[in-house]
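Structure data (TSV, C-alpha atoms and all ligand atoms) from final.tsv:
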chain	number	residue	atom	x	y	z
A	1	MET	CA	-144.21	142.14	53.10
A	2	TRP	CA	-142.01	145.19	53.59
A	3	PHE	CA	-144.65	147.43	51.97
A	4	VAL	CA	-147.32	146.46	54.52
A	5	HIS	CA	-144.92	147.37	57.29
A	6	PHE	CA	-144.05	150.60	55.46
A	7	TYR	CA	-147.75	151.48	54.98
A	8	ASN	CA	-148.50	150.84	58.65
A	9	GLU	CA	-145.59	152.98	59.79
A	10	VAL	CA	-146.56	155.87	57.48
A	11	TYR	CA	-150.17	155.48	58.57
A	12	LYS	CA	-149.23	155.70	62.25
A	13	LEU	CA	-147.42	158.97	61.59
A	14	ALA	CA	-150.07	160.46	59.32
A	15	VAL	CA	-153.35	159.81	61.17
A	16	VAL	CA	-153.82	161.77	64.32
A	17	VAL	CA	-157.58	161.78	64.79
A	18	LYS	CA	-159.09	158.70	66.41
A	19	ILE	CA	-162.82	158.83	66.12
A	20	LEU	CA	-165.51	156.87	67.96
A	21	VAL	CA	-168.84	156.46	66.18
A	22	THR	CA	-171.52	154.95	68.41
A	23	GLY	CA	-174.33	153.39	66.41
A	24	GLY	CA	-171.74	153.10	63.65
A	25	ALA	CA	-173.33	150.02	62.08
A	26	GLY	CA	-176.67	151.78	61.60
A	27	PHE	CA	-178.03	153.65	58.60
A	28	LEU	CA	-176.41	157.05	59.25
A	29	GLY	CA	-173.49	155.66	61.28
A	30	SER	CA	-172.27	153.39	58.51
A	31	HIS	CA	-172.26	156.28	56.01
A	32	LEU	CA	-170.38	158.39	58.54
A	33	CYS	CA	-167.76	155.68	59.24
A	34	GLU	CA	-167.13	155.36	55.52
A	35	ARG	CA	-166.66	159.08	55.01
A	36	LEU	CA	-164.31	159.37	57.99
A	37	LEU	CA	-162.23	156.41	56.79
A	38	VAL	CA	-161.96	157.80	53.28
A	39	ALA	CA	-160.71	161.04	54.84
A	40	GLY	CA	-157.90	159.00	56.45
A	41	HIS	CA	-159.07	158.92	60.07
A	42	GLU	CA	-158.92	156.03	62.48
A	43	VAL	CA	-162.48	154.92	63.23
A	44	LEU	CA	-163.85	152.83	66.07
A	45	CYS	CA	-167.43	151.74	65.39
A	46	VAL	CA	-169.32	150.75	68.53
A	47	ASP	CA	-172.72	149.13	68.16
A	48	ASN	CA	-174.92	146.57	69.91
A	49	PHE	CA	-176.50	145.61	66.54
A	50	PHE	CA	-180.04	146.19	67.80
A	51	THR	CA	-181.08	147.82	64.52
A	52	GLY	CA	-177.67	148.09	62.88
A	53	SER	CA	-176.00	145.30	61.01
A	54	LYS	CA	-172.50	144.03	60.35
A	55	LYS	CA	-173.50	143.97	56.69
A	56	ASN	CA	-173.63	147.79	56.71
A	57	VAL	CA	-169.93	148.00	57.56
A	58	ALA	CA	-168.65	144.75	56.00
A	59	HIS	CA	-167.27	146.66	53.00
A	60	LEU	CA	-165.14	148.78	55.36
A	61	MET	CA	-163.36	145.88	57.04
A	62	HIS	CA	-160.41	146.04	54.67
A	63	TYR	CA	-159.46	149.46	56.05
A	64	PHE	CA	-156.48	149.04	58.33
A	65	ASN	CA	-157.71	151.97	60.42
A	66	PHE	CA	-161.23	150.58	61.06
A	67	GLU	CA	-162.40	148.59	64.05
A	68	VAL	CA	-165.84	147.32	65.06
A	69	MET	CA	-166.73	146.64	68.68
A	70	ARG	CA	-169.96	145.07	69.97
A	71	HIS	CA	-170.98	147.16	72.97
A	72	ASP	CA	-174.13	148.63	74.47
A	73	VAL	CA	-173.65	152.33	75.29
A	74	THR	CA	-175.84	152.05	78.39
A	75	PHE	CA	-172.72	150.44	79.93
A	76	PRO	CA	-169.47	152.33	80.53
A	77	LEU	CA	-166.92	152.31	77.75
A	78	TYR	CA	-163.19	152.77	78.26
A	79	VAL	CA	-161.38	153.46	74.99
A	80	GLU	CA	-158.94	156.14	73.81
A	81	VAL	CA	-160.20	158.52	71.12
A	82	ASN	CA	-160.05	162.24	70.20
A	83	GLN	CA	-163.59	162.71	68.89
A	84	ILE	CA	-166.96	161.06	69.55
A	85	TYR	CA	-170.04	161.00	67.32
A	86	ASN	CA	-172.89	159.69	69.49
A	87	LEU	CA	-175.44	158.15	67.14
A	88	ALA	CA	-176.43	155.03	69.08
A	89	CYS	CA	-180.23	154.92	69.37
A	90	PRO	CA	-182.94	153.25	67.33
A	91	ALA	CA	-184.50	155.95	65.15
A	92	SER	CA	-187.65	154.56	63.56
A	93	PRO	CA	-190.92	154.51	65.53
A	94	ILE	CA	-191.32	150.71	65.16
A	95	HIS	CA	-187.87	150.07	66.59
A	96	TYR	CA	-187.81	152.68	69.33
A	97	GLN	CA	-191.27	151.62	70.53
A	98	TYR	CA	-190.31	147.91	70.57
A	99	ASP	CA	-188.52	148.32	73.94
A	100	PRO	CA	-189.27	151.88	75.05
A	101	VAL	CA	-187.46	151.57	78.40
A	102	GLN	CA	-184.28	150.52	76.62
A	103	THR	CA	-184.75	153.45	74.18
A	104	THR	CA	-184.77	155.98	77.01
A	105	LYS	CA	-181.83	154.21	78.68
A	106	THR	CA	-179.89	154.33	75.42
A	107	SER	CA	-180.42	158.06	75.06
A	108	VAL	CA	-179.91	158.99	78.70
A	109	HIS	CA	-177.42	156.45	80.11
A	110	GLY	CA	-175.71	156.38	76.71
A	111	ALA	CA	-175.28	160.17	76.81
A	112	ILE	CA	-173.94	160.06	80.39
A	113	ASN	CA	-171.40	157.37	79.51
A	114	MET	CA	-170.26	159.04	76.31
A	115	LEU	CA	-170.03	162.43	78.05
A	116	GLY	CA	-168.06	160.80	80.88
A	117	LEU	CA	-165.74	159.32	78.27
A	118	ALA	CA	-165.41	162.72	76.54
A	119	LYS	CA	-164.68	164.35	79.90
A	120	ARG	CA	-161.92	161.87	80.80
A	121	LEU	CA	-160.31	162.19	77.37
A	122	ASN	CA	-160.99	165.88	76.82
A	123	ALA	CA	-162.52	164.81	73.51
A	124	ARG	CA	-165.00	166.75	71.38
A	125	ILE	CA	-168.41	165.08	71.24
A	126	LEU	CA	-171.31	165.44	68.79
A	127	GLN	CA	-174.82	164.33	69.68
A	128	ALA	CA	-177.22	163.08	67.00
A	129	SER	CA	-180.33	164.76	68.35
A	130	THR	CA	-183.55	165.01	66.42
A	131	SER	CA	-186.34	167.24	65.14
A	132	GLU	CA	-188.54	165.14	67.48
A	133	VAL	CA	-187.41	167.44	70.30
A	134	TYR	CA	-189.90	169.91	68.76
A	135	GLY	CA	-192.71	167.31	69.08
A	136	ASP	CA	-195.85	168.34	67.20
A	137	PRO	CA	-194.73	171.94	66.63
A	138	GLU	CA	-196.85	175.12	66.59
A	139	ILE	CA	-193.95	177.09	65.07
A	140	HIS	CA	-193.33	176.50	61.39
A	141	PRO	CA	-190.66	176.12	60.09
A	142	GLN	CA	-188.92	175.06	63.29
A	143	ILE	CA	-186.12	177.28	64.53
A	144	GLU	CA	-183.54	176.24	67.12
A	145	ASN	CA	-184.80	178.52	69.89
A	146	TYR	CA	-188.29	176.98	69.77
A	147	TRP	CA	-188.76	174.78	72.86
A	148	GLY	CA	-191.19	172.34	71.29
A	149	ARG	CA	-194.53	170.72	72.11
A	150	VAL	CA	-193.87	167.20	73.31
A	151	ASN	CA	-196.20	164.73	75.00
A	152	PRO	CA	-194.19	163.35	77.96
A	153	ILE	CA	-196.30	160.19	78.39
A	154	GLY	CA	-197.16	158.99	74.89
A	155	MET	CA	-195.90	156.28	72.55
A	156	ARG	CA	-193.20	158.55	71.09
A	157	SER	CA	-192.08	159.95	74.45
A	158	CYS	CA	-189.35	157.35	75.08
A	159	TYR	CA	-187.57	158.70	72.02
A	160	ASP	CA	-188.54	162.39	72.17
A	161	GLU	CA	-187.99	162.85	75.90
A	162	GLY	CA	-184.90	160.62	75.88
A	163	LYS	CA	-183.35	162.83	73.22
A	164	ARG	CA	-184.43	165.99	75.06
A	165	CYS	CA	-182.81	164.74	78.27
A	166	ALA	CA	-179.66	163.86	76.32
A	167	GLU	CA	-179.54	167.47	75.09
A	168	THR	CA	-179.89	168.65	78.70
A	169	LEU	CA	-176.98	166.43	79.73
A	170	PHE	CA	-174.83	167.71	76.88
A	171	PHE	CA	-175.41	171.32	77.89
A	172	ASP	CA	-174.89	170.58	81.60
A	173	TYR	CA	-171.57	168.79	80.90
A	174	TRP	CA	-170.61	171.77	78.73
A	175	ARG	CA	-171.48	174.31	81.47
A	176	GLN	CA	-170.21	172.25	84.39
A	177	HIS	CA	-167.22	170.39	82.95
A	178	LYS	CA	-166.33	172.56	79.92
A	179	ILE	CA	-166.66	169.64	77.49
A	180	GLU	CA	-166.59	170.64	73.80
A	181	ILE	CA	-170.09	169.68	72.64
A	182	LYS	CA	-171.96	169.84	69.34
A	183	VAL	CA	-175.70	169.15	69.36
A	184	MET	CA	-177.24	168.50	65.96
A	185	ARG	CA	-181.01	168.24	65.47
A	186	ILE	CA	-181.46	165.93	62.52
A	187	PHE	CA	-184.64	166.12	60.44
A	188	ASN	CA	-185.95	163.12	58.46
A	189	THR	CA	-183.06	161.66	56.49
A	190	TYR	CA	-183.24	158.95	53.85
A	191	GLY	CA	-181.02	157.13	51.38
A	192	PRO	CA	-179.32	153.82	50.61
A	193	LYS	CA	-178.92	151.43	53.57
A	194	MET	CA	-182.23	152.37	55.20
A	195	TYR	CA	-183.72	149.16	56.58
A	196	PRO	CA	-186.53	147.67	54.55
A	197	ASN	CA	-188.45	146.69	57.69
A	198	ASP	CA	-188.19	149.71	59.95
A	199	GLY	CA	-191.48	151.23	58.86
A	200	ARG	CA	-190.19	154.64	57.85
A	201	VAL	CA	-192.22	156.27	55.16
A	202	VAL	CA	-189.57	156.48	52.42
A	203	SER	CA	-188.53	152.83	52.70
A	204	ASN	CA	-192.13	151.63	53.11
A	205	PHE	CA	-193.36	153.48	50.01
A	206	ILE	CA	-190.44	152.39	47.83
A	207	ILE	CA	-190.74	148.73	48.81
A	208	GLN	CA	-194.51	148.73	48.41
A	209	ALA	CA	-194.22	150.40	45.00
A	210	LEU	CA	-191.54	147.95	43.82
A	211	ARG	CA	-193.70	145.01	44.92
A	212	GLY	CA	-196.84	146.46	43.30
A	213	GLU	CA	-198.55	146.58	46.70
A	214	PRO	CA	-200.71	149.53	47.82
A	215	LEU	CA	-198.79	152.38	49.45
A	216	SER	CA	-199.87	152.77	53.09
A	217	ILE	CA	-200.91	156.35	53.87
A	218	TYR	CA	-201.36	156.98	57.58
A	219	GLY	CA	-204.18	159.41	58.36
A	220	ASP	CA	-205.25	161.72	55.53
A	221	GLY	CA	-201.69	161.93	54.17
A	222	LEU	CA	-201.67	165.71	54.45
A	223	GLN	CA	-199.07	165.72	57.24
A	224	THR	CA	-195.75	167.07	56.00
A	225	ARG	CA	-192.10	166.17	56.38
A	226	SER	CA	-188.90	167.57	54.84
A	227	PHE	CA	-186.55	164.86	53.62
A	228	CYS	CA	-182.78	165.22	53.55
A	229	TYR	CA	-180.55	162.93	51.49
A	230	VAL	CA	-177.99	161.09	53.59
A	231	ASP	CA	-174.89	162.53	51.84
A	232	ASP	CA	-175.98	166.10	52.65
A	233	LEU	CA	-176.53	165.15	56.28
A	234	ILE	CA	-173.11	163.50	56.63
A	235	ASP	CA	-171.43	166.58	55.08
A	236	ALA	CA	-173.06	168.73	57.75
A	237	MET	CA	-172.17	166.34	60.56
A	238	ILE	CA	-168.48	166.38	59.69
A	239	LEU	CA	-168.52	170.16	59.23
A	240	MET	CA	-170.20	170.65	62.58
A	241	MET	CA	-167.63	168.52	64.36
A	242	SER	CA	-164.90	170.88	63.13
A	243	SER	CA	-166.87	174.09	63.69
A	244	GLN	CA	-165.64	176.88	66.02
A	245	VAL	CA	-164.91	175.62	69.52
A	246	ASP	CA	-167.52	177.90	71.11
A	247	PHE	CA	-170.29	176.80	68.75
A	248	THR	CA	-172.34	174.18	70.57
A	249	GLY	CA	-175.60	174.22	68.65
A	250	PRO	CA	-178.31	173.07	68.90
A	251	LEU	CA	-178.27	173.16	65.12
A	252	ASN	CA	-181.02	172.06	62.74
A	253	ILE	CA	-179.84	169.94	59.85
A	254	GLY	CA	-182.24	168.89	57.15
A	255	ASN	CA	-183.62	169.79	53.78
A	256	PRO	CA	-186.22	172.54	54.03
A	257	SER	CA	-188.20	171.43	50.99
A	258	GLU	CA	-191.48	170.24	52.47
A	259	ILE	CA	-193.84	167.64	51.05
A	260	ASN	CA	-196.98	165.89	52.27
A	261	MET	CA	-197.28	162.10	52.35
A	262	LEU	CA	-199.79	161.95	49.48
A	263	GLU	CA	-197.40	163.89	47.25
A	264	LEU	CA	-194.52	161.68	48.34
A	265	ALA	CA	-196.52	158.54	47.49
A	266	GLU	CA	-197.33	159.91	44.02
A	267	LEU	CA	-193.67	160.75	43.43
A	268	VAL	CA	-192.50	157.27	44.43
A	269	ILE	CA	-195.14	155.62	42.21
A	270	LYS	CA	-194.01	157.79	39.30
A	271	LEU	CA	-190.28	157.15	39.80
A	272	THR	CA	-190.75	153.38	40.12
A	273	SER	CA	-193.28	153.26	37.22
A	274	SER	CA	-195.43	151.24	39.61
A	275	LYS	CA	-199.10	150.38	39.24
A	276	SER	CA	-199.60	150.52	43.02
A	277	LYS	CA	-202.65	152.28	44.46
A	278	LEU	CA	-202.99	153.94	47.87
A	279	VAL	CA	-204.48	152.46	51.03
A	280	PHE	CA	-205.41	154.63	54.03
A	281	LYS	CA	-204.52	153.44	57.54
A	282	PRO	CA	-204.98	155.04	61.00
A	283	LEU	CA	-202.62	157.82	61.97
A	284	PRO	CA	-200.22	156.72	64.75
A	285	GLN	CA	-200.58	158.51	68.12
A	286	ASP	CA	-198.88	161.93	68.38
A	287	ASP	CA	-197.79	161.88	64.73
A	288	PRO	CA	-196.55	165.45	64.05
A	289	ARG	CA	-198.71	167.36	61.53
A	290	GLN	CA	-195.87	169.30	59.99
A	291	ARG	CA	-192.12	169.46	60.07
A	292	LYS	CA	-189.65	171.66	58.25
A	293	PRO	CA	-186.29	172.94	59.44
A	294	ASN	CA	-185.16	176.52	59.39
A	295	ILE	CA	-181.51	176.06	58.32
A	296	GLU	CA	-180.29	179.66	58.40
A	297	LEU	CA	-178.07	178.97	61.42
A	298	ALA	CA	-176.53	175.92	59.71
A	299	LYS	CA	-175.73	177.98	56.61
A	300	ALA	CA	-174.08	180.65	58.74
A	301	GLN	CA	-172.14	178.30	61.04
A	302	LEU	CA	-171.11	175.64	58.53
A	303	GLY	CA	-169.55	177.90	55.89
A	304	GLY	CA	-172.57	178.13	53.62
A	305	TRP	CA	-173.57	174.44	53.87
A	306	GLU	CA	-176.94	173.66	52.37
A	307	PRO	CA	-178.47	170.48	50.96
A	308	LYS	CA	-177.34	169.75	47.39
A	309	VAL	CA	-179.44	166.68	46.56
A	310	CYS	CA	-183.06	167.32	45.62
A	311	LEU	CA	-185.77	164.84	46.59
A	312	LEU	CA	-186.14	163.55	43.04
A	313	ASP	CA	-182.44	162.63	42.70
A	314	GLY	CA	-182.21	161.28	46.23
A	315	LEU	CA	-185.26	159.08	45.73
A	316	ARG	CA	-183.80	157.75	42.46
A	317	GLU	CA	-180.62	156.67	44.31
A	318	THR	CA	-182.64	155.13	47.14
A	319	ILE	CA	-184.90	153.25	44.71
A	320	LYS	CA	-181.80	151.89	42.93
A	321	TYR	CA	-180.52	150.66	46.28
A	322	PHE	CA	-183.75	148.87	47.17
A	323	GLN	CA	-183.95	147.36	43.66
A	324	SER	CA	-180.48	145.90	44.23
A	325	GLN	CA	-181.69	144.30	47.49
A	326	PHE	CA	-184.52	142.26	45.92
B	1	LIG	P1	-180.38	153.28	63.01
B	1	LIG	O1	-181.39	152.56	63.83
B	1	LIG	O2	-180.11	152.81	61.64
B	1	LIG	O3	-178.99	153.35	63.77
B	1	LIG	C1	-178.86	153.36	65.16
B	1	LIG	C2	-177.70	152.44	65.52
B	1	LIG	O4	-177.53	152.47	66.94
B	1	LIG	C3	-177.93	150.98	65.13
B	1	LIG	O5	-176.81	150.47	64.50
B	1	LIG	C4	-178.20	150.30	66.47
B	1	LIG	O6	-177.86	148.93	66.47
B	1	LIG	C5	-177.36	151.13	67.40
B	1	LIG	N1	-177.79	151.09	68.80
B	1	LIG	C6	-179.05	151.20	69.28
B	1	LIG	N2	-179.03	151.13	70.62
B	1	LIG	C7	-177.73	150.96	71.00
B	1	LIG	C8	-177.08	150.81	72.23
B	1	LIG	N3	-177.76	150.82	73.39
B	1	LIG	N4	-175.74	150.66	72.24
B	1	LIG	C9	-175.02	150.63	71.09
B	1	LIG	N5	-175.60	150.77	69.88
B	1	LIG	C10	-176.94	150.94	69.84
B	1	LIG	O7	-180.83	154.81	62.97
B	1	LIG	P2	-180.23	156.00	62.11
B	1	LIG	O8	-181.30	156.48	61.22
B	1	LIG	O9	-178.92	155.67	61.55
B	1	LIG	O10	-180.06	157.09	63.26
B	1	LIG	C11	-178.80	157.35	63.86
B	1	LIG	C12	-178.96	158.46	64.89
B	1	LIG	O11	-179.45	159.64	64.25
B	1	LIG	C13	-179.92	158.11	66.01
B	1	LIG	O12	-179.41	158.60	67.22
B	1	LIG	C14	-181.17	158.86	65.63
B	1	LIG	O13	-181.94	159.20	66.76
B	1	LIG	C15	-180.63	160.08	64.93
B	1	LIG	N6	-181.59	160.62	63.96
B	1	LIG	C16	-181.84	159.98	62.77
B	1	LIG	C17	-182.79	160.51	61.90
B	1	LIG	C18	-183.11	159.88	60.57
B	1	LIG	O14	-183.97	160.39	59.85
B	1	LIG	N7	-182.45	158.82	60.15
B	1	LIG	C19	-183.50	161.68	62.25
B	1	LIG	C20	-183.23	162.26	63.48
B	1	LIG	C21	-182.26	161.74	64.33
B	2	LIG	N1	-167.47	156.67	81.73
B	2	LIG	C1	-167.16	155.85	80.67
B	2	LIG	N2	-165.88	155.92	80.17
B	2	LIG	C2	-164.95	156.77	80.64
B	2	LIG	C3	-165.30	157.61	81.71
B	2	LIG	C4	-166.58	157.55	82.23
B	2	LIG	O1	-167.97	155.07	80.21
B	2	LIG	O2	-163.83	156.77	80.13
B	2	LIG	C5	-168.84	156.61	82.26
B	2	LIG	C6	-168.91	156.08	83.67
B	2	LIG	O3	-169.93	155.09	83.70
B	2	LIG	C7	-169.39	157.26	84.47
B	2	LIG	C8	-170.09	158.12	83.46
B	2	LIG	O4	-169.36	157.92	82.26
B	2	LIG	O5	-170.27	156.89	85.50
B	2	LIG	C9	-170.09	159.57	83.80
B	2	LIG	O6	-168.78	159.98	84.05
B	2	LIG	P1	-168.46	161.24	84.96
B	2	LIG	O7	-166.99	161.36	85.05
B	2	LIG	O8	-169.19	162.42	84.45
B	2	LIG	O9	-169.14	160.93	86.35
B	2	LIG	P2	-168.86	159.82	87.47
B	2	LIG	O10	-170.09	158.96	87.44
B	2	LIG	O11	-167.61	159.07	87.12
B	2	LIG	O12	-168.75	160.63	88.68
B	3	LIG	N1	-196.18	157.26	57.20
B	3	LIG	C1	-197.10	156.87	56.24
B	3	LIG	N2	-197.01	155.61	55.75
B	3	LIG	C2	-196.04	154.74	56.12
B	3	LIG	C3	-195.08	155.15	57.10
B	3	LIG	C4	-195.20	156.42	57.61
B	3	LIG	O1	-197.99	157.64	55.86
B	3	LIG	O2	-196.02	153.61	55.61
B	3	LIG	C5	-196.23	158.64	57.71
B	3	LIG	C6	-196.12	158.77	59.24
B	3	LIG	O3	-197.39	158.68	59.84
B	3	LIG	C7	-195.51	160.15	59.37
B	3	LIG	C8	-194.64	160.31	58.12
B	3	LIG	O4	-195.10	159.32	57.20
B	3	LIG	O5	-196.52	161.14	59.32
B	3	LIG	C9	-193.15	160.09	58.39
B	3	LIG	O6	-193.01	158.87	59.09
B	3	LIG	P1	-191.60	158.26	59.50
B	3	LIG	O7	-191.87	157.11	60.39
B	3	LIG	O8	-190.79	158.04	58.28
B	3	LIG	O9	-190.87	159.44	60.29
B	3	LIG	P2	-191.31	160.34	61.55
B	3	LIG	O10	-192.77	160.16	61.83
B	3	LIG	O11	-190.47	159.88	62.66
B	3	LIG	O12	-191.02	161.72	61.09
Show me this structure written as structure tokens.
Ligand code: NAD
Ligand code: UDP
Ligand code: UDP
Amino acid sequence: MWFVHFYNEVYKLAVVVKILVTGGAGFLGSHLCERLLVAGHEVLCVDNFFTGSKKNVAHLMHYFNFEVMRHDVTFPLYVEVNQIYNLACPASPIHYQYDPVQTTKTSVHGAINMLGLAKRLNARILQASTSEVYGDPEIHPQIENYWGRVNPIGMRSCYDEGKRCAETLFFDYWRQHKIEIKVMRIFNTYGPKMYPNDGRVVSNFIIQALRGEPLSIYGDGLQTRSFCYVDDLIDAMILMMSSQVDFTGPLNIGNPSEINMLELAELVIKLTSSKSKLVFKPLPQDDPRQRKPNIELAKAQLGGWEPKVCLLDGLRETIKYFQSQF
């Protein structure tokens, strides 16, 4: 077994960055853990498995430099790391509305604990914020200096206001305690490992089309979103973490190509060669009418980063993934 010993010794010398990913067993978190491990970093995945799953990270368990810890970020966490990606928070409306008080606690108490951890360790910390901070926007496309139009007392508020308060905390820790922060506003992201049952539009449509069931259009289907493929998002996240020390964000990350839900349904039906029809259902409360990121700042700050995967190719990959799950 001398080679195992040799590998471990070389590894200890080679890897200097220890990275904490909260929400690491979720959709985006599990992709991020994988990319960081492949790059040779030591990764600690912390998750309470509310929406995430051990299955998402099971294929990473053979990495010597990977560790999974069951923990709820609303409680303090004492570990030793150099960087923190704070992704812990349910992201789909069904899940974040299931226990709205816990959703706000996760965003707010979770941010305080992770910022406290970053402060003690002098570690750089990136917050997975969201385009939901813009609410139902009057400015289109959304630019980072737009303050948003958010209902503080509605069904989506636990998520939107929780994430807004987390941003406030990040900037106050930055001003008050000089923590190195990075705040990323993520627009709708999709790809393999989305959960089949979390009610998001891309997963719903693909599953319905594959089963030959009608695709559920909420409202008139003319509301728009701009969908980013997961690989493009993870590229940007890693680039942002290593961006200039004085660059804090907030930074929009997403794919600016905009589509309405009727067009998306047609595309999914075409790509799956499905015979599914459409069924119209009520529009959920406070559902934003339109959403599209302005990504000029991201291009400038992240060395020319822009999304590479078009919706057609990304949907093909996602459809393949869901086909493999049935
Ligand atoms: P997800 O639900 O798949 O992942 C969230 C993870 O956080 C899960 O593994 C869940 O178990 C974990 N978690 C939830 N509460 C926790 C707690 N209290 N303590 C520890 N772990 C907890 O969602 P996702 O799509 O991967 O989103 C990841 C992050 O990115 C979230 O913060 C979300 O708000 C943000 N985001 C995602 C999108 C998107 O389109 N996917 C868009 C905007 C923002
Ligand atoms: N904290 C943590 N891990 C650490 C340091 C702090 O989880 O390594 C949590 C702890 O719960 C604390 C919170 O982060 O209350 C905020 O820390 P900070 O130092 O900002 O404030 P404190 O509450 O300690 O005055
Ligand atoms: N939507 C839909 N059918 C579905 C699920 C969602 O028409 O089966 C709509 C939803 O009302 C919203 C858009 O698709 O206008 C995106 O919804 P999702 O939950 O994926 O993301 P978010 O609303 O958080 O952007």
(request) Step by step, measure atom-to-atom distances between ligand LIG 3 (chain B) and each residue using only C-alpha atoms and all ligand atoms, keep those at most 7 Å, then write them as a PyMOL selection string. (result) chain A and resi 92-93+188+199-202+204-205+215-219+221+223-225+261+283-284+287-289
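By only C-alpha atoms, and with residues fewer than 5 positions from Ser242 (chain A) along its chain excluded, the set lying at most 12 Å from it is Val17, Gln83, Ile84, Tyr85, Arg124, Ile125, Leu126, Glu180, Ile181, Lys182, Asp235, Ala236, Met237, Phe247, Thr248, Gln301, Leu302 and Gly303 of chain A.
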Find the axis-aligned box for region 284-295 of chain A, covering all its listed atoms and adding 8 Å on each side, and write its centre and edge lengths in Å to one decimal as lines of an AutoDock Vina configuration file.
center_x = -191.0
center_y = 166.6
center_z = 63.3
size_x = 35.1
size_y = 35.8
size_z = 26.1
(message) Around ligand LIG 1 (chain B), out to 8 Å and counting all atoms listed in the file, which residues are there? I want them as a ChimeraX atom specification.
(response) /A:22-30,46-53,70-74,86-92,95,102-103,105-107,110,127-132,159,163,185-190,194-195
(message) Distance limit 9 Å, reference ligand LIG 2 (chain B), atoms considered: all atoms listed in the file. Which residues make the cut? Give them as a list in words.
(response)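 If we count all atoms listed in the file, the neighbours of ligand LIG 2 (chain B) turn out to be Val73, Thr74, Phe75, Pro76, Leu77, Tyr78, Val79, Glu80, His109, Gly110, Ala111, Ile112, Asn113, Met114, Leu115, Gly116, Leu117, Ala118, Lys119, Arg120, Leu121, Tyr173 and His177 of chain A.
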(message) I need the residue nearest Ala39 (chain A) from this list: A:Lys18, A:Arg175, A:Arg291, A:His62. Use only C-alpha atoms for the distance.
(response)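 Closest to Ala39 (chain A) of all the choices is A:Lys18.
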(request) Mind giving me the straight-line distance from CA of Leu311 (chain A) to CA of Gly135 (chain A) in Å, one decimal? (result) 23.7 Å
(request) Mind giving me the straight-line distance from CA of Gln290 (chain A) to CA of Leu169 (chain A) in Å, one decimal? (result)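 Calculated distance between CA of Gln290 (chain A) and CA of Leu169 (chain A) is 27.5 Å.
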(request) Could you jot down the CA of Gln325 (chain A) to CA of Cys310 (chain A) separation for me, Å, one decimal place? (result)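 Value for the CA of Gln325 (chain A)-CA of Cys310 (chain A) distance: 23.1 Å.
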(message) Taking all atoms listed in the file into account, name the residue in A:Val108, A:Ala123, A:Ile19, A:Val268 that is nearest to Ala166 (chain A).
(response) A:Val108
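Counting only C-alpha atoms and comparing A:Ile206, A:Ala300, A:Leu239, A:Ile253, the residue that lies closest to Arg316 (chain A) is A:Ile206.
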(request) Go through A:Cys165, A:Met240, A:Ile139, A:Cys158 one by one, measure the shortest atom-to-atom distance of each to Pro293 (chain A) using all atoms listed in the file, and give the residue with the smallest value. (result)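 Among A:Cys165, A:Met240, A:Ile139, A:Cys158, it is A:Ile139 that comes nearest to Pro293 (chain A).
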(message) Just checking: using only C-alpha atoms, which residue out of A:Val21, A:Val230, A:Leu60, A:Leu222 ends up closest to Glu317 (chain A)?
(response)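 Checking each candidate against Glu317 (chain A), we get A:Val230 as the closest.
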(request) Tell me which of A:Asn56, A:Asn122, A:Asn145, A:Ser157 sits closest to Pro100 (chain A), counting all atoms listed in the file. (result)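 For Pro100 (chain A), the nearest of the candidates is A:Ser157.
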(request) Taking (-196.9, 164.9, 77.5) in the file's own coordinates, collect the residues within 12 Å, counting only C-alpha atoms, and hand them back as number ranges by chain. (result) A: 135-136, 148-158, 160-161, 285-286
Could you turn the residues from that selection into a file that holds C-alpha atoms, as a PDB file, in the frame of the given file?
ATOM      1  CA  GLY A 135    -192.710 167.310  69.080  1.00  0.00           C
ATOM      2  CA  ASP A 136    -195.850 168.340  67.200  1.00  0.00           C
ATOM      3  CA  GLY A 148    -191.190 172.340  71.290  1.00  0.00           C
ATOM      4  CA  ARG A 149    -194.530 170.720  72.110  1.00  0.00           C
ATOM      5  CA  VAL A 150    -193.870 167.200  73.310  1.00  0.00           C
ATOM      6  CA  ASN A 151    -196.200 164.730  75.000  1.00  0.00           C
ATOM      7  CA  PRO A 152    -194.190 163.350  77.960  1.00  0.00           C
ATOM      8  CA  ILE A 153    -196.300 160.190  78.390  1.00  0.00           C
ATOM      9  CA  GLY A 154    -197.160 158.990  74.890  1.00  0.00           C
ATOM     10  CA  MET A 155    -195.900 156.280  72.550  1.00  0.00           C
ATOM     11  CA  ARG A 156    -193.200 158.550  71.090  1.00  0.00           C
ATOM     12  CA  SER A 157    -192.080 159.950  74.450  1.00  0.00           C
ATOM     13  CA  CYS A 158    -189.350 157.350  75.080  1.00  0.00           C
ATOM     14  CA  ASP A 160    -188.540 162.390  72.170  1.00  0.00           C
ATOM     15  CA  GLU A 161    -187.990 162.850  75.900  1.00  0.00           C
ATOM     16  CA  GLN A 285    -200.580 158.510  68.120  1.00  0.00           C
ATOM     17  CA  ASP A 286    -198.880 161.930  68.380  1.00  0.00           C
TER      18      ASP A 286
END
